[in-house]
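J.: Quick one: structure below, then a few questions.
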Amino acid sequence: VKLLLDRIDEPGLNTLEVYERRGGYDSLRKALEMTPEEALEQISESGLRGRGGAGFRMGQKAGFLPHGNMEKYLVCNADESEPGAFKDRELMQKNPHALIEGIVIASWAAEINRAFIYIRGEYQHQADILEAAIAEAEAAGYLGEGILGSEHSLTLVLHRGAGAYICGEETGLLDSLEGKRGNPRLKPPFPAIEGLYHGPTLINNVETLYTLPFIFRMGGEEYAKLGTETSAGTKVVSISGDIQRPGNYEIEFGIPAREIIYGLGGGPPEGHEIKFWFPGGSSSPVLTKDDLDISYDYDSLAKAGSMLGTASIIVVDDSHTVLEVAKKVAGFYAHESCGKCVPCREGTNWAVKMLRRVEAGEATPMDLDIMASYCTAIIGNCLCVLGDAMAMPIGSMIEKFRPELEAEIEAARQRADAVALHDVVPLGVADPHAGPMPVHTAR
Amino acid sequence: MSVVPRFDHGSRVPGWDESVDLTKDPAVIPDKETTPVPPELRQEIESAMAKYPDRRSAVIPALHAAQAIHGWCSPEAIHQVAAVMQVTPAYLSSVATFYDMFENRAAPAGHHDVYVCTNISCSLRGADKILDAMVGAAALTEREVHVRSFECLGACDIAPMASVDGEYVGPLTPEDTRQIVEDLEAGRPVLPDKQLRYRKNADPGVAEEAGEWSPRDDAPRADTAGLTDATADLDRPGPTAPIEMPAEEAAAQEDDE
């Protein structure tokens, strides 16, 4: 089944004319004929779960918002920054009106009159397209006062970010949208009670909202029949890394991962084998080639000790070392940590330093235990999950590839011993991508 | 991100932590009437502020606008934004130093920004070589081309890739970096054959199930974004993901399973 990507390459689909000719905004008409409660019921019935990472049920989340006459906000999280994820980019670029329609439907179901799209600053082309689409929708009466003759009104503002991974975290996003540094907030109160400008706020990923028109077209009950029992519907999967045909593919939940990686993505380049893969972006614990027959849905991946996350599969083949990938992962989170919570701010930088020690031949196998232990000390001890997002994949790499890392440590030690004793090795200077803190050492 | 000045051997240059003159009063909100601000910048910031319930929400759009005019978030740019928005310059600096896209080091107006993605998916495909080649190519031109390694730009399907003045191009080879610089020098679109905006979806099912409605004859071709202007060459296919699997490969795979 193709829902979200259905004929998405159709020329001019980003214009209202083509989108309407396809039956666009009919779902909105349907939704506006219902009461908000009935619309919310449809969403709950569909079993739609958040596509941004946490996989929370959207109907339930929208139901948390208090009722009554007050300033409530809907925020569409289009700050797609997870390494490996690029699904929202394609959806917004090619079919922006489906997202706008989804936003109007969600705002009706949750009785919200003000909505924002927070798009990452790097997506300039996509932001231009959305801006044009919003103007078109406004002119056609799909946004604004009294939408399609109903009592619902909605203003939608596109907000461009400026490049910060942490702004994809919901409370960090809210701070950023309020014009501050994107630091996450303490929860509770959850955004559904107190979010943007202290008002109740519903935050959803692009793909979640984009799915709503398709749910209303076919009916929530019908949509729930797609996929597995607990993971309903279809999902756009982004495949990248060492893969022959990288790109976005739409799958029904519950197909084996092997079918996605080999069947759709074409597997790793010829002559290579899969070493490990991230099932849901760089934040998810890695799985190996033995896990390829796992069913690709929220619960099966959680059971296997990983997570679906943003459904961004990154494949790493046997031409790369674990250390190389671990360094990239740790370096990314060290750079993007906002600095508000100590375990994350220090822990991510520690990880980078320790991995550089491994590379420089200064580590012992005991360092792996130290790394694994402080990884567990980060998890659950910060305001948001950025630190966890580094600790989980690094921890899983140590757990699954310990022999290789130990061999790497030993090989690096022997390399380093060959260097003259008094040589000063200015680490970080030789590496143009090294972070801000050069580590100095005299051997 | 500001960089702490260091000696070659790594120690911090003395005085790096003396950021303020404690005898001076802190900078106050500049006066709205007397501060000279380019009229287009003032107008852009004011229209941004009008969109939000709280005017401070317009800080990021305002800094984007100021950076576009000044080339970077210079003290002067910050001062002008502060005057229009009526917030302190310190508040704006705190925001400007948080986000990667705001330049906090001097850069001339009209310079080119090249962000080379060096995150996981791109580095698996050789992004570090691209970055080195790009730095080398940028050093050879008279134009101001600022090359930075950037975290995931959200285009892993065209890895390794770069964003050249906001235009996503990939997959890149080290040789392409010369072409990027040449295109920038000539002021033409960068690597038009490798621009992401023309790339089609990779999913074979999308093409197969194309349905009852076929495009009008006058509908723009290829540019699925539809942003092309009427005079541009519309029939530009651009790189498409290969979608068909060779028959023998498909058979081999069925055997595997």
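Labels for the structure tokens follow display order: chains A, B, ..., residues from 1 in each chain, ligands from 1.
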Compile the contact shell of region 182-191 of chain B as a ChimeraX atom specification: residues with an atom at most 12 Å away, counting only C-alpha atoms, same-chain residues fewer than 3 positions apart removed.
T.: /B:110-114,134,137-138,140-146,161-173,175-179,194-198,232,238-239
J.: Counting only C-alpha atoms, which residues from chain A have an atom at most 6 Å from any atom of chain B, and could you show them as a PyMOL selection string?
T.: chain A and resi 6-7+9+11-12+83-86+94+162-164+177-179+181+240-241+246-247+249
J.: Determine which residues of region 32-271 of chain A receive a DSSP assignment of alpha helix (DSSP H), computed from the backbone, and state them as a ChimeraX atom specification.
T.: /A:32-33,36-46,58-63,87-94,96-109,124-139,170-177,206-218,220-224,257-258
J.: Expressed in Å to a single decimal, how great is the separation between CA of Phe64 (chain A) and CA of Glu194 (chain A)?
T.: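 For CA of Phe64 (chain A) relative to CA of Glu194 (chain A), the distance reads 11.1 Å.
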